[in-house]
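Student: Take a look at input_9.pdb, PDB, C-alpha atoms:
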MODEL        1
ATOM      1  CA  MET F1372    -119.288  -8.625 -76.386
ATOM      2  CA  LYS F1373    -118.872  -9.652 -80.012
ATOM      3  CA  ASN F1374    -122.029  -9.892 -82.099
ATOM      4  CA  PRO F1375    -122.813 -13.635 -82.458
ATOM      5  CA  LEU F1376    -123.871 -13.065 -86.073
ATOM      6  CA  ASP F1377    -120.375 -11.798 -86.899
ATOM      7  CA  THR F1378    -118.939 -14.979 -85.397
ATOM      8  CA  VAL F1379    -121.228 -17.075 -87.618
ATOM      9  CA  LYS F1380    -120.128 -15.086 -90.671
ATOM     10  CA  GLY F1381    -116.477 -15.524 -89.659
ATOM     11  CA  THR F1382    -116.911 -19.283 -89.200
ATOM     12  CA  LEU F1383    -118.539 -19.679 -92.620
ATOM     13  CA  THR F1384    -115.932 -17.470 -94.300
ATOM     14  CA  ALA F1385    -113.130 -19.535 -92.728
ATOM     15  CA  GLY F1386    -114.803 -22.727 -94.024
ATOM     16  CA  ILE F1387    -115.086 -21.318 -97.551
ATOM     17  CA  VAL F1388    -111.459 -20.108 -97.493
ATOM     18  CA  ILE F1389    -110.221 -23.558 -96.385
ATOM     19  CA  THR F1390    -112.219 -25.170 -99.218
ATOM     20  CA  ILE F1391    -110.812 -22.785-101.826
ATOM     21  CA  VAL F1392    -107.236 -23.276-100.572
ATOM     22  CA  ILE F1393    -107.486 -27.098-100.709
ATOM     23  CA  VAL F1394    -109.111 -27.014-104.173
ATOM     24  CA  ALA F1395    -106.375 -24.642-105.393
ATOM     25  CA  ILE F1396    -103.647 -26.946-104.034
ATOM     26  CA  ILE F1397    -105.225 -29.950-105.807
ATOM     27  CA  ARG F1398    -105.669 -28.026-109.088
ATOM     28  CA  ILE F1399    -102.045 -26.855-109.023
ATOM     29  CA  PHE F1400    -100.271 -30.010-107.854
ATOM     30  CA  ALA F1401    -102.495 -32.975-108.790
TER      31      ALA F1401
ATOM     32  CA  MET T 193    -123.180 -55.952-103.102
ATOM     33  CA  GLU T 194    -125.193 -53.241-104.847
ATOM     34  CA  VAL T 195    -127.903 -53.354-102.158
ATOM     35  CA  TYR T 196    -125.248 -53.182 -99.434
ATOM     36  CA  LEU T 197    -123.650 -50.130-101.063
ATOM     37  CA  ASP T 198    -127.042 -48.455-101.538
ATOM     38  CA  LEU T 199    -128.017 -49.039 -97.912
ATOM     39  CA  THR T 200    -124.713 -47.817 -96.461
ATOM     40  CA  ARG T 201    -124.795 -44.774 -98.750
ATOM     41  CA  VAL T 202    -128.361 -43.856 -97.784
ATOM     42  CA  GLY T 203    -127.590 -44.512 -94.098
ATOM     43  CA  HIS T 204    -124.503 -42.301 -94.348
ATOM     44  CA  ILE T 205    -126.386 -39.463 -96.050
ATOM     45  CA  PHE T 206    -129.398 -39.610 -93.715
ATOM     46  CA  SER T 207    -127.419 -39.710 -90.466
ATOM     47  CA  GLY T 208    -125.013 -37.110 -91.887
ATOM     48  CA  ILE T 209    -127.862 -34.687 -92.590
ATOM     49  CA  LEU T 210    -129.259 -35.326 -89.100
ATOM     50  CA  TRP T 211    -125.856 -34.682 -87.505
ATOM     51  CA  ILE T 212    -124.875 -31.584 -89.468
ATOM     52  CA  GLY T 213    -128.444 -30.245 -89.262
ATOM     53  CA  ILE T 214    -128.268 -30.259 -85.473
ATOM     54  CA  LEU T 215    -124.723 -28.805 -85.610
ATOM     55  CA  TYR T 216    -126.026 -25.927 -87.737
ATOM     56  CA  PHE T 217    -128.958 -25.460 -85.364
ATOM     57  CA  TYR T 218    -126.499 -25.143 -82.448
ATOM     58  CA  ASN T 219    -124.281 -22.667 -84.274
ATOM     59  CA  PHE T 220    -126.718 -20.618 -86.335
ATOM     60  CA  ILE T 221    -129.704 -20.545 -83.975
ATOM     61  CA  GLN T 222    -128.982 -21.696 -80.426
ATOM     62  CA  ALA T 223    -125.683 -19.777 -80.040
ATOM     63  CA  ILE T 224    -127.510 -16.573 -80.992
ATOM     64  CA  ALA T 225    -130.884 -17.152 -79.333
ATOM     65  CA  LEU T 226    -129.865 -18.778 -76.022
ATOM     66  CA  PRO T 227    -128.141 -15.669 -74.590
ATOM     67  CA  ARG T 228    -131.323 -13.689 -75.448
ATOM     68  CA  MET T 229    -133.556 -16.169 -73.621
ATOM     69  CA  ASP T 230    -134.933 -15.117 -70.247
ATOM     70  CA  ALA T 231    -132.431 -16.246 -67.578
ATOM     71  CA  SER T 232    -135.150 -18.100 -65.661
ATOM     72  CA  ALA T 233    -136.150 -20.101 -68.774
ATOM     73  CA  ARG T 234    -132.612 -21.071 -69.802
ATOM     74  CA  PRO T 235    -132.112 -23.907 -67.269
ATOM     75  CA  HIS T 236    -135.333 -25.568 -68.531
ATOM     76  CA  TYR T 237    -134.012 -25.478 -72.073
ATOM     77  CA  GLN T 238    -130.646 -26.817 -70.909
ATOM     78  CA  THR T 239    -132.222 -29.753 -69.080
ATOM     79  CA  THR T 240    -134.879 -30.752 -71.652
ATOM     80  CA  ILE T 241    -134.135 -29.814 -75.282
ATOM     81  CA  LEU T 242    -130.344 -29.706 -74.963
ATOM     82  CA  PRO T 243    -129.780 -33.258 -73.567
ATOM     83  CA  LEU T 244    -132.145 -34.830 -76.116
ATOM     84  CA  SER T 245    -130.655 -32.933 -79.043
ATOM     85  CA  LEU T 246    -127.126 -33.844 -77.877
ATOM     86  CA  GLN T 247    -128.160 -37.481 -77.660
ATOM     87  CA  VAL T 248    -129.421 -37.516 -81.281
ATOM     88  CA  PHE T 249    -126.433 -35.370 -82.323
ATOM     89  CA  ARG T 250    -123.710 -37.675 -81.036
ATOM     90  CA  TRP T 251    -125.311 -40.968 -82.125
ATOM     91  CA  ALA T 252    -125.964 -39.478 -85.572
ATOM     92  CA  SER T 253    -122.273 -38.538 -85.772
ATOM     93  CA  LEU T 254    -121.221 -42.100 -84.898
ATOM     94  CA  ALA T 255    -123.732 -43.589 -87.360
ATOM     95  CA  THR T 256    -122.443 -41.273 -90.108
ATOM     96  CA  LEU T 257    -118.875 -42.367 -89.409
ATOM     97  CA  LEU T 258    -119.688 -46.095 -89.329
ATOM     98  CA  PHE T 259    -121.908 -46.032 -92.449
ATOM     99  CA  GLY T 260    -119.170 -44.088 -94.255
ATOM    100  CA  LEU T 261    -116.450 -46.564 -93.290
ATOM    101  CA  ALA T 262    -118.724 -49.502 -94.183
ATOM    102  CA  PHE T 263    -119.328 -47.906 -97.597
ATOM    103  CA  ILE T 264    -115.594 -47.470 -98.271
ATOM    104  CA  VAL T 265    -114.904 -51.104 -97.312
ATOM    105  CA  GLY T 266    -117.761 -52.197 -99.596
ATOM    106  CA  MET T 267    -116.384 -50.134-102.490
ATOM    107  CA  GLY T 268    -112.942 -51.604-101.892
ATOM    108  CA  ILE T 269    -114.387 -55.118-102.169
ATOM    109  CA  ASP T 270    -116.680 -54.302-105.111
ATOM    110  CA  VAL T 271    -114.334 -52.207-107.263
ATOM    111  CA  GLY T 272    -111.015 -53.518-105.992
ATOM    112  CA  ASN T 273    -107.734 -51.690-105.622
ATOM    113  CA  ASP T 274    -108.575 -49.246-108.425
ATOM    114  CA  TYR T 275    -111.084 -47.555-106.151
ATOM    115  CA  PHE T 276    -108.363 -46.496-103.744
ATOM    116  CA  GLN T 277    -106.481 -44.827-106.601
ATOM    117  CA  SER T 278    -109.474 -42.991-108.025
ATOM    118  CA  ALA T 279    -110.405 -39.307-107.884
ATOM    119  CA  ARG T 280    -113.598 -40.415-106.134
ATOM    120  CA  PHE T 281    -111.646 -41.945-103.290
ATOM    121  CA  TYR T 282    -109.230 -39.009-102.994
ATOM    122  CA  ASN T 283    -112.184 -36.661-102.513
ATOM    123  CA  ILE T 284    -113.773 -39.016 -99.997
ATOM    124  CA  LEU T 285    -110.416 -39.278 -98.214
ATOM    125  CA  ILE T 286    -110.157 -35.492 -97.755
ATOM    126  CA  GLY T 287    -113.817 -35.066 -96.729
ATOM    127  CA  GLY T 288    -113.763 -38.215 -94.586
ATOM    128  CA  SER T 289    -110.641 -37.128 -92.679
ATOM    129  CA  MET T 290    -112.427 -33.910 -91.748
ATOM    130  CA  GLY T 291    -115.518 -35.910 -90.781
ATOM    131  CA  ILE T 292    -113.425 -38.118 -88.491
ATOM    132  CA  VAL T 293    -111.933 -35.053 -86.770
ATOM    133  CA  MET T 294    -115.470 -33.661 -86.381
ATOM    134  CA  ALA T 295    -116.843 -36.892 -84.890
ATOM    135  CA  PHE T 296    -113.872 -36.933 -82.496
ATOM    136  CA  ASN T 297    -114.728 -33.364 -81.441
ATOM    137  CA  VAL T 298    -118.345 -34.396 -80.802
ATOM    138  CA  TRP T 299    -117.556 -37.447 -78.677
ATOM    139  CA  PHE T 300    -114.464 -36.320 -76.807
ATOM    140  CA  ILE T 301    -114.860 -32.548 -76.422
ATOM    141  CA  ILE T 302    -118.422 -31.271 -77.009
ATOM    142  CA  TRP T 303    -120.306 -34.128 -75.332
ATOM    143  CA  PRO T 304    -118.183 -34.381 -72.100
ATOM    144  CA  LYS T 305    -118.227 -30.599 -71.602
ATOM    145  CA  GLN T 306    -121.970 -30.326 -72.258
ATOM    146  CA  GLN T 307    -122.551 -33.237 -69.889
ATOM    147  CA  ASN T 308    -120.755 -31.283 -67.145
ATOM    148  CA  ILE T 309    -122.822 -28.182 -67.911
ATOM    149  CA  ILE T 310    -126.152 -30.063 -67.910
ATOM    150  CA  ALA T 311    -125.258 -31.777 -64.593
ATOM    151  CA  ALA T 312    -124.319 -28.421 -63.042
ATOM    152  CA  VAL T 313    -127.529 -26.734 -64.256
ATOM    153  CA  LYS T 314    -129.604 -29.657 -62.924
ATOM    154  CA  ASP T 315    -127.814 -29.418 -59.573
ATOM    155  CA  THR T 316    -128.607 -25.699 -59.418
ATOM    156  CA  MET T 317    -132.272 -26.287 -60.335
ATOM    157  CA  GLU T 318    -132.852 -29.191 -57.947
ATOM    158  CA  ASN T 319    -130.590 -28.390 -55.012
ATOM    159  CA  GLY T 320    -129.950 -24.689 -55.441
ATOM    160  CA  ALA T 321    -126.224 -25.367 -55.744
ATOM    161  CA  ALA T 322    -124.063 -22.506 -56.985
ATOM    162  CA  ALA T 323    -122.778 -22.798 -60.566
ATOM    163  CA  PRO T 324    -119.251 -24.272 -60.561
ATOM    164  CA  ALA T 325    -116.426 -21.846 -61.301
ATOM    165  CA  GLU T 326    -115.331 -23.955 -64.292
ATOM    166  CA  GLN T 327    -118.727 -23.738 -66.009
ATOM    167  CA  PRO T 328    -117.901 -20.790 -68.331
ATOM    168  CA  LYS T 329    -114.698 -22.616 -69.303
ATOM    169  CA  TRP T 330    -116.644 -25.796 -70.197
ATOM    170  CA  ALA T 331    -119.093 -23.740 -72.260
ATOM    171  CA  ARG T 332    -116.255 -21.943 -74.050
ATOM    172  CA  THR T 333    -114.386 -25.175 -74.927
ATOM    173  CA  ALA T 334    -117.587 -26.847 -76.190
ATOM    174  CA  LEU T 335    -118.467 -23.749 -78.226
ATOM    175  CA  LEU T 336    -115.025 -23.582 -79.841
ATOM    176  CA  ALA T 337    -115.130 -27.292 -80.775
ATOM    177  CA  SER T 338    -118.636 -26.829 -82.177
ATOM    178  CA  ARG T 339    -117.538 -23.773 -84.153
ATOM    179  CA  THR T 340    -114.515 -25.677 -85.501
ATOM    180  CA  ASN T 341    -116.882 -28.414 -86.677
ATOM    181  CA  THR T 342    -119.101 -25.867 -88.439
ATOM    182  CA  MET T 343    -116.041 -24.454 -90.182
ATOM    183  CA  LEU T 344    -114.813 -27.942 -91.192
ATOM    184  CA  SER T 345    -118.291 -28.936 -92.399
ATOM    185  CA  ILE T 346    -117.964 -26.613 -95.420
ATOM    186  CA  PRO T 347    -114.892 -28.277 -97.030
ATOM    187  CA  MET T 348    -116.104 -31.684 -95.750
ATOM    188  CA  LEU T 349    -119.433 -31.349 -97.592
ATOM    189  CA  PHE T 350    -117.709 -29.932-100.664
ATOM    190  CA  PHE T 351    -115.421 -32.954-101.006
ATOM    191  CA  MET T 352    -118.182 -35.462-100.201
ATOM    192  CA  VAL T 353    -120.277 -34.017-103.042
ATOM    193  CA  ALA T 354    -117.214 -33.585-105.286
ATOM    194  CA  ALA T 355    -116.563 -37.344-105.133
ATOM    195  CA  ARG T 356    -119.454 -37.990-107.522
ATOM    196  CA  ASN T 357    -120.039 -34.582-109.052
ATOM    197  CA  LEU T 358    -116.610 -33.065-109.635
ATOM    198  CA  PRO T 359    -114.370 -35.845-110.963
ATOM    199  CA  SER T 360    -112.467 -33.279-113.068
ATOM    200  CA  LEU T 361    -110.938 -31.864-109.888
ATOM    201  CA  TRP T 362    -108.086 -34.373-110.049
ATOM    202  CA  SER T 363    -107.484 -34.402-113.805
TER     203      SER T 363
ENDMDL
END
Would you give me this structure, written as structure tokens?

Tutor:
Amino acid sequence: MKNPLDTVKGTLTAGIVITIVIVAIIRIFA
Amino acid sequence: MEVYLDLTRVGHIFSGILWIGILYFYNFIQAIALPRMDASARPHYQTTILPLSLQVFRWASLATLLFGLAFIVGMGIDVGNDYFQSARFYNILIGGSMGIVMAFNVWFIIWPKQQNIIAAVKDTMENGAAAPAEQPKWARTALLASRTNTMLSIPMLFFMVAARNLPSLWS
């Protein structure tokens, strides 16, 4: 079974990546 | 109007902290600690702490949503059409859309699945009924929706805070 702590880290990393991608899109196109 | 905006803002922030605080508890503490809990103790947790926390969790999510919408309407009336073309509103629009998806997940995925699980655990405790075959599936679906919400909470919070603190984002 996957370590639950790794899942938490993955979830937070995904959230940070989404934030950075949206901010980058706004900075480039807006 | 100022008092109305202050009250809706404070209501939104307070219920938002309550909601996301419980979401983080579920994901950062319960998801890790519950599997480690003694199997005989788990049903007690699932029939006492879990239903109460879910109750506060889902009403806090609805309150956050309603206070937020009430605030936007108030700003629209107070500031006028300019508000809807401001960087502040664009940020709120991005964060708010994520918040709406999250509240939907709470009310229409997490809550119904957890309700099924709690009922099944109660049935096992009180009547010795066997756990239904679908129970792991309910738990998995609820967990995935909860995890999605945790992931969305990061950009959601960023854009909520950016509305007042990062106006340069759109310039």

Student: Taking all atoms of region 242-251 of chain T that the file lists and extending 6 Å past them on each side, where is the centre of the axis-aligned box and how long are its edges? Answer in Å to one decimal, as AutoDock Vina command-line options.

Tutor:
--center_x -127.9 --center_y -35.3 --center_z -77.9 --size_x 20.4 --size_y 23.3 --size_z 20.8

Student: Just so the selection is clear, what residues does the ChimeraX specification (/F :<6) & /T cover here, as a ChimeraX atom specification?

Tutor: /T:224,343-344,346-347,362

Student: So the first atom is CA of Phe263 (chain T) and the second is CA of Leu246 (chain T); what is the distance between them in Å, to one decimal place?

Tutor: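 For CA of Phe263 (chain T) relative to CA of Leu246 (chain T), the distance reads 25.4 Å.
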
Student: Please compute the CA of Arg356 (chain T)-CA of Gly260 (chain T) distance, one decimal, in Å.

Tutor: 14.6 Å

Student: Running the PyMOL selection byres ((chain T and resi 206-216) around 10) on this model by hand, what would come out? Give it as a ChimeraX atom specification.

Tutor: /T:200-205,217-223,245-246,248-257,259-260,291,295,298,338-339,341-342,345,349

Student: What is the CA of Leu335 (chain T) to CA of Met317 (chain T) distance in Å?

Tutor: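 Those two atoms sit 22.7 Å apart.
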